[in-house]
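As structure tokens, the structure follows; a few thoughts come after it.
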Amino acid sequence: MPTCLWILILSSSYNLHDEEIDRGDWEGGRERARERERERERERGPGKHVPWAPAMASWPLSQRCVFRPLPAASPRPKSGSSPASGLFPPSRGPLPSAVPGFSRGAAGGIDIRRSLGRWEWAFRVSAPSRVAPLEGERESRRRSEEPTVASGGDEKEEAFDPAMPPPFGLAEIRAAIPKHCWVKDPWRSMSYVVRDVVAVLGFAAAAAYINSWIAWPLYWVAQGTMFWALFVLGHDCGHGSFSNDPKLNSVVGHLLHSSILVPYHGWRISHRTHHQNHGHVENDESWHPLPENLYRSLDSLTKKLRFTLPFPLLAYPLYLWGRSPGKSGSHFHPSSDLFVPNERKDVTTSTICWTAMAVILAGLTFLTGPIQMLKLYAVPYGIFVMWLDLVTYLHHHGHEEKLPWYRGKEWSYLRGGLTTLDRDYGWINNIHHDIGTHVIHHLFPQIPHYHLIEATEAAKPVLGKYYREPAKSVPLPFHLFGVLLRSMKQDHYVSDTGDIVYYETDRRLSVASEAE
């Protein structure tokens with residue numbers, strides 16, 4: 001029943017129908033109500049209030065005499081009688097001093113008073129200027145105002161844990177990369193091969209012609225870097241990012257890798273294992289951490305060779321023959337633990353190609369003399385090996401903050417790949433085919449190297465803090481030697497237990513290295 005009708009019933013019940021309440025009477029009633037309210041306040045004393053007043057105040061009357069709730073900004077009270085409970089007419093007889101659900105006096109609601117033997121009614125409905133927040137709102141506001149971990153200045157942000165599972169998946173990263181970044185252009189790939197081969201032959205011819213001890217060191221650095229560039233192109237053949245033709249990939253890969261004494265298929269298969277298990281303590285293939293028990297079992301000479309520069313930068317040929325500590329097998333032997341039976345034919349083919357290159361080098365040594373071959377090939381080969389070990393190590397080590405390694409259920413392809421690092425090599429980036437753009441390459445090795453930078457830029461918004469921006473090299477990456485040295489002093493082994501582990505430091509080895 002509409003509220004206005006209840007008002008008429010109440011008025012007739014208390015003989016108010018013959019009382020004409022004009023505007024002056026209404027205002028006078030309001031004044032008297034205020035006076036009574038002030039008297040009650042004095043009687044109650046300071047700080048006291050009517051507990052159910054806000055309940056009624058939050059339910060104002062509309063102009064059509066119906067109750068409607070306040071907007072969401074002023075929530076309905078939790079407790080107290082329903083505001084509508086005061087609308088039902090009381091029984092005949094004296095009215096109670098208070099009607100549940102109604103506020104009295106200036107607080108708004110119905111003011112009931114006795115005057116001249118008759119009941120006078122006055123409706124005064126007002127919304128409070130500020131409704132007290134509910135307990136849940138106060139708690140929410142308090143939490144929102146609490147400071148979080150400061151990142152510097154007045155900006156505040158939550159602490160980031162790189163070991164937490166990312167809030168995105170491979171599909172989201174893939175979707176962010178433009179479609180043309182996945183397209184392989186064999187002609188463009190071959191153009192890089194031609195460029196690098198011409199550079200290698202040109203450097204060798206120029207150095208042999210000049211034949212000056214002033215020019216030889218420059219040649220060694222330049223030619224060793226170009227050997228490394230040839231390796232990266234063969235690396236793309238191994239991933240299938242060179243072209244969509246497996247035969248073309250295999251032929252070009254064999255020619256490039258054999259020329260720098262790398263067994264193409266043997267390395268390709270072990271490198272595939274590295275990508276499939278990146279970030280896994282036991283299953284990763286290259287530069288993976290040593291569990292503590294294995295580390296403690298190494299003799300002092302092995303520890304020294306592994307963690308004291310420049311020896312780690314000369315490790316690659318040894319790795320090809322005997323793999324890493326704790327693993328057995330060879331990249332040259334088809335029956336190695338690295339390979340499954342159906343891969344043995346490919347491994348044998350690559351070993352034959354490697355042997356053929358070794359025979360060619362031996363013949364050239366006989367024709368030109370060992371000193372000339374040392375200057376033309378052996379020293380640049382050593383520079384190439386240093387480049388390979390430096391780059392591959394720093395892609396997985398040396399970040400300013402410790403990054404996790406995984407095992408067991410905590411490991412996944414995505415989480416392992418997100419622990420890899422991009423590195424900037426300044427002027428060398430283009431020469432070695434942007435191999436420093438490594439995170440996206442590790443997650444999607446089928447993307448050609450000439451699209452890696454664009455793909456990385458497109459994926460950064462998805463990766464968020466899981467992508468670590470590399471320090472810039474201007475113009476050459478000399479600062480990376482400091483990063484390498486610091487990592488060699490600190491990153492020695494990981495715990496034997498736990499599915500998320502971090503590198504730990506052998507203080508005795510670190511102190512011994514500093515003393516030297």
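Residues in the structure tokens are named by chain (A, B, ... in the order shown) and by number from 1 within that chain; ligands are numbered from 1 in the order shown.
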If we count only C-alpha atoms, what is near Asp185 of chain A at a cut-off of 12 Å, once residues fewer than 3 positions away on the same chain are taken out, given as number ranges by chain?
A: 180-182, 188-192, 240-245, 447-451
Near-Val232 of chain A list (10 Å; only C-alpha atoms; drop same-chain fewer than 2 positions) as a tab-separated table (two decimals) with all heavy atoms, in the first residue's frame:
chain	number	residue	atom	x	y	z
A	226	MET	N	83.98	-13.14	-37.16
A	226	MET	CA	83.27	-13.64	-38.33
A	226	MET	C	83.08	-15.15	-38.27
A	226	MET	O	82.04	-15.66	-38.74
A	226	MET	CB	84.02	-13.25	-39.61
A	226	MET	CG	84.03	-11.76	-39.90
A	226	MET	SD	82.40	-10.98	-39.76
A	226	MET	CE	81.45	-11.93	-40.95
A	227	PHE	N	84.03	-15.87	-37.70
A	227	PHE	CA	83.80	-17.30	-37.46
A	227	PHE	C	82.56	-17.50	-36.57
A	227	PHE	O	81.74	-18.39	-36.81
A	227	PHE	CB	85.02	-17.93	-36.78
A	227	PHE	CG	86.15	-18.26	-37.72
A	227	PHE	CD1	86.16	-17.81	-39.03
A	227	PHE	CD2	87.23	-19.02	-37.28
A	227	PHE	CE1	87.20	-18.11	-39.89
A	227	PHE	CE2	88.28	-19.34	-38.13
A	227	PHE	CZ	88.27	-18.87	-39.43
A	228	TRP	N	82.45	-16.66	-35.56
A	228	TRP	CA	81.30	-16.73	-34.66
A	228	TRP	C	80.00	-16.41	-35.42
A	228	TRP	O	78.97	-17.04	-35.20
A	228	TRP	CB	81.53	-15.77	-33.50
A	228	TRP	CG	80.33	-15.41	-32.68
A	228	TRP	CD1	79.88	-14.14	-32.43
A	228	TRP	CD2	79.47	-16.28	-31.96
A	228	TRP	NE1	78.76	-14.17	-31.61
A	228	TRP	CE2	78.50	-15.48	-31.32
A	228	TRP	CE3	79.40	-17.66	-31.82
A	228	TRP	CZ2	77.48	-16.01	-30.53
A	228	TRP	CZ3	78.38	-18.20	-31.04
A	228	TRP	CH2	77.43	-17.38	-30.40
A	229	ALA	N	80.07	-15.45	-36.37
A	229	ALA	CA	78.89	-15.13	-37.18
A	229	ALA	C	78.50	-16.33	-38.05
A	229	ALA	O	77.30	-16.62	-38.23
A	229	ALA	CB	79.17	-13.90	-38.05
A	230	LEU	N	79.48	-17.03	-38.61
A	230	LEU	CA	79.18	-18.24	-39.38
A	230	LEU	C	78.49	-19.29	-38.51
A	230	LEU	O	77.56	-19.98	-38.95
A	230	LEU	CB	80.47	-18.83	-39.97
A	230	LEU	CG	81.18	-18.01	-41.06
A	230	LEU	CD1	82.45	-18.74	-41.49
A	230	LEU	CD2	80.27	-17.75	-42.25
A	234	GLY	N	74.77	-21.17	-39.01
A	234	GLY	CA	74.58	-22.62	-38.94
A	234	GLY	C	73.63	-23.00	-37.81
A	234	GLY	O	72.86	-23.97	-37.92
A	235	HIS	N	73.69	-22.26	-36.71
A	235	HIS	CA	72.76	-22.44	-35.59
A	235	HIS	C	71.32	-22.24	-36.07
A	235	HIS	O	70.41	-23.00	-35.69
A	235	HIS	CB	73.15	-21.44	-34.51
A	235	HIS	CG	72.07	-21.06	-33.55
A	235	HIS	ND1	71.19	-20.02	-33.80
A	235	HIS	CD2	71.75	-21.54	-32.32
A	235	HIS	CE1	70.37	-19.89	-32.78
A	235	HIS	NE2	70.69	-20.79	-31.87
A	236	ASP	N	71.07	-21.22	-36.92
A	236	ASP	CA	69.73	-21.01	-37.46
A	236	ASP	C	69.30	-22.18	-38.34
A	236	ASP	O	68.12	-22.58	-38.34
A	236	ASP	CB	69.68	-19.71	-38.27
A	236	ASP	CG	69.75	-18.48	-37.38
A	236	ASP	OD1	69.77	-18.64	-36.15
A	236	ASP	OD2	69.80	-17.36	-37.93
A	237	CYS	N	70.25	-22.74	-39.10
A	237	CYS	CA	69.94	-23.94	-39.89
A	237	CYS	C	69.50	-25.08	-38.99
A	237	CYS	O	68.55	-25.82	-39.29
A	237	CYS	CB	71.15	-24.35	-40.71
A	237	CYS	SG	71.62	-23.19	-42.02
A	238	GLY	N	70.19	-25.24	-37.87
A	238	GLY	CA	69.84	-26.31	-36.95
A	238	GLY	C	68.46	-26.15	-36.35
A	238	GLY	O	67.76	-27.15	-36.08
A	253	GLY	N	74.08	-25.80	-43.20
A	253	GLY	CA	74.56	-25.99	-41.83
A	253	GLY	C	75.84	-26.79	-41.78
A	253	GLY	O	76.76	-26.46	-41.01
A	256	LEU	N	78.82	-24.55	-43.12
A	256	LEU	CA	79.22	-23.49	-42.20
A	256	LEU	C	79.87	-24.06	-40.94
A	256	LEU	O	80.94	-23.61	-40.52
A	256	LEU	CB	78.00	-22.64	-41.83
A	256	LEU	CG	77.38	-21.83	-42.97
A	256	LEU	CD1	76.11	-21.13	-42.50
A	256	LEU	CD2	78.37	-20.82	-43.53
A	257	HIS	N	79.25	-25.04	-40.32
A	257	HIS	CA	79.77	-25.56	-39.06
A	257	HIS	C	81.03	-26.40	-39.25
A	257	HIS	O	81.94	-26.35	-38.41
A	257	HIS	CB	78.68	-26.37	-38.34
A	257	HIS	CG	77.77	-25.51	-37.52
A	257	HIS	ND1	76.89	-26.03	-36.58
A	257	HIS	CD2	77.62	-24.17	-37.46
A	257	HIS	CE1	76.24	-25.03	-36.01
A	257	HIS	NE2	76.66	-23.90	-36.53
A	388	LEU	N	81.76	-17.74	-28.41
A	388	LEU	CA	80.68	-18.70	-28.18
A	388	LEU	C	80.45	-18.93	-26.69
A	388	LEU	O	79.30	-18.91	-26.21
A	388	LEU	CB	81.00	-20.01	-28.90
A	388	LEU	CG	79.88	-21.04	-28.97
A	388	LEU	CD1	80.05	-21.89	-30.23
A	388	LEU	CD2	79.86	-21.98	-27.76
A	431	ILE	N	76.52	-7.88	-36.69
A	431	ILE	CA	77.53	-8.80	-37.22
A	431	ILE	C	77.21	-10.24	-36.84
A	431	ILE	O	77.31	-11.15	-37.68
A	431	ILE	CB	78.93	-8.39	-36.71
A	431	ILE	CG1	79.31	-7.01	-37.27
A	431	ILE	CG2	79.97	-9.44	-37.08
A	431	ILE	CD1	80.61	-6.48	-36.72
A	432	HIS	N	76.82	-10.45	-35.56
A	432	HIS	CA	76.50	-11.84	-35.18
A	432	HIS	C	74.99	-12.09	-35.15
A	432	HIS	O	74.50	-12.93	-34.40
A	432	HIS	CB	77.19	-12.23	-33.86
A	432	HIS	CG	76.69	-11.50	-32.65
A	432	HIS	ND1	77.30	-11.63	-31.43
A	432	HIS	CD2	75.66	-10.66	-32.44
A	432	HIS	CE1	76.68	-10.90	-30.54
A	432	HIS	NE2	75.67	-10.32	-31.12
A	433	HIS	N	74.29	-11.38	-36.02
A	433	HIS	CA	72.91	-11.70	-36.38
A	433	HIS	C	71.96	-11.66	-35.18
A	433	HIS	O	71.09	-12.53	-35.03
A	433	HIS	CB	72.84	-13.05	-37.08
A	433	HIS	CG	73.81	-13.17	-38.23
A	433	HIS	ND1	73.69	-12.42	-39.39
A	433	HIS	CD2	74.95	-13.89	-38.38
A	433	HIS	CE1	74.68	-12.71	-40.21
A	433	HIS	NE2	75.47	-13.60	-39.62
A	434	ASP	N	72.13	-10.64	-34.33
A	434	ASP	CA	71.22	-10.37	-33.21
A	434	ASP	C	71.00	-11.58	-32.31
A	434	ASP	O	69.90	-11.78	-31.77
A	434	ASP	CB	69.87	-9.87	-33.74
A	434	ASP	CG	70.00	-8.52	-34.44
A	434	ASP	OD1	70.63	-7.61	-33.87
A	434	ASP	OD2	69.49	-8.38	-35.58
A	435	ILE	N	72.04	-12.37	-32.13
A	435	ILE	CA	71.90	-13.53	-31.25
A	435	ILE	C	71.69	-13.11	-29.81
A	435	ILE	O	71.21	-13.89	-28.99
A	435	ILE	CB	73.14	-14.45	-31.37
A	435	ILE	CG1	72.90	-15.81	-30.72
A	435	ILE	CG2	74.37	-13.76	-30.77
A	435	ILE	CD1	71.81	-16.61	-31.36
A	449	HIS	N	66.39	-14.91	-37.43
A	449	HIS	CA	67.13	-13.94	-36.62
A	449	HIS	C	66.83	-12.50	-37.02
A	449	HIS	O	66.89	-11.59	-36.19
A	449	HIS	CB	68.63	-14.21	-36.72
A	449	HIS	CG	69.25	-13.80	-38.02
A	449	HIS	ND1	69.41	-14.68	-39.07
A	449	HIS	CD2	69.74	-12.61	-38.46
A	449	HIS	CE1	69.99	-14.06	-40.08
A	449	HIS	NE2	70.19	-12.80	-39.73
Please identify all polymer residues within 12 Å of Arg407 of chain A, counting only C-alpha atoms, omitting same-chain residues fewer than 5 positions from it, and present them as a list in words.
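Once the adjacent positions are removed, what remains is Asn277, His278, Gly279, His280, Val281, Glu282, Asn283, Asp284, His288, Pro289, Pro291, Ser412, Tyr413, Arg415, Gly416, Val494, Ser495, Asp496, Thr497, Gly498, Asp499, Ile500, Val501 and Tyr502 of chain A.
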Separation of atom CA of Asp491 of chain A from atom CA of Glu504 of chain A in Å:
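Going from atom CA of Glu504 of chain A over to atom CA of Asp491 of chain A covers 5.8 Å.
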Just the number, please: distance in Å from atom CA of Phe168 of chain A to atom CA of Glu400 of chain A, one decimal.
24.3 Å
Could you list, as an NGL selection string, every residue within 12 Å of Asp161 of chain A, counting only C-alpha atoms and ignoring same-chain residues fewer than 6 positions away?
:A and (401-404 or 419 or 465-466 or 500)
Would you mind exporting the chosen residues as a short mmCIF file (atom, residue, chain, number, x, y, z; two decimals), in the first residue's frame, restricted to C-alpha atoms?
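The file below, again.cif, is the result:
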data_model
loop_
_atom_site.label_atom_id
_atom_site.label_comp_id
_atom_site.auth_asym_id
_atom_site.auth_seq_id
_atom_site.Cartn_x
_atom_site.Cartn_y
_atom_site.Cartn_z
CA GLU A 401 69.43 -10.26 -9.21
CA LYS A 402 69.51 -14.00 -8.68
CA LEU A 403 67.29 -15.83 -11.14
CA PRO A 404 65.68 -19.19 -10.37
CA THR A 419 64.99 -17.07 -16.99
CA LYS A 465 58.63 -7.68 -15.60
CA TYR A 466 59.57 -11.17 -16.75
CA ILE A 500 63.12 -23.78 -7.11
#
Just to confirm, what's the straight-line distance from atom CA of Thr505 of chain A to atom CA of Gln490 of chain A in Å (one decimal)?
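So the two atoms, atom CA of Thr505 of chain A and atom CA of Gln490 of chain A, lie 4.9 Å apart.
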A:Trp187, A:Glu454, A:Gly322, A:Phe444: which is nearest Leu248 of chain A, counting only C-alpha atoms?
A:Trp187
From the options A:Tyr316, A:Trp287, A:Tyr219, A:Phe339, which residue's atoms come nearest to Arg268 of chain A, counting only C-alpha atoms?
A:Phe339
Which residues in segment 273-485 of chain A does DSSP call alpha helix (DSSP H)? List them as a PyMOL selection string.
chain A and resi 273-276+292-297+300-307+316-322+344-368+370-373+379-394+413-417+428-431+439-443+452-463+479-485
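Of the residues listed (A:Phe481, A:Ala356, A:Thr273, A:Ala458), A:Ala356 shows the shortest atom-to-atom separation from Leu255 of chain A; distances use only C-alpha atoms.
The shortest atom-to-atom distance to Trp427 of chain A, with only C-alpha atoms taken into account, belongs to A:Leu476 out of A:Leu476, A:Val483, A:Ala358, A:Leu443.
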Contact residues around Phe311 of chain A with only C-alpha atoms at 12 Å, ignoring same-chain residues under 2 positions, as a ChimeraX atom specification:
/A:301-309,313-318,382,385-386,389-390,485,488
Write the residues of the selection above to a file with C-alpha atoms, as a CSV table (one decimal), in the first residue's frame.
chain,number,residue,atom,x,y,z
A,301,LEU,CA,91.8,-28.3,-10.6
A,302,THR,CA,88.4,-28.9,-12.2
A,303,LYS,CA,86.8,-26.1,-10.1
A,304,LYS,CA,89.6,-23.8,-11.0
A,305,LEU,CA,89.3,-24.5,-14.7
A,306,ARG,CA,85.5,-24.0,-14.6
A,307,PHE,CA,85.3,-20.8,-12.5
A,308,THR,CA,88.6,-19.0,-13.2
A,309,LEU,CA,89.0,-16.8,-16.3
A,313,LEU,CA,86.0,-19.2,-22.3
A,314,LEU,CA,88.0,-22.1,-23.8
A,315,ALA,CA,85.6,-24.8,-22.8
A,316,TYR,CA,83.6,-25.4,-26.0
A,317,PRO,CA,86.0,-27.9,-27.7
A,318,LEU,CA,86.1,-29.9,-24.5
A,382,GLY,CA,90.3,-19.5,-30.5
A,385,VAL,CA,85.4,-20.2,-29.1
A,386,MET,CA,85.7,-17.3,-26.6
A,389,ASP,CA,81.4,-19.4,-24.5
A,390,LEU,CA,80.9,-15.8,-23.5
A,485,LEU,CA,83.8,-12.0,-13.8
A,488,MET,CA,82.2,-16.6,-12.0
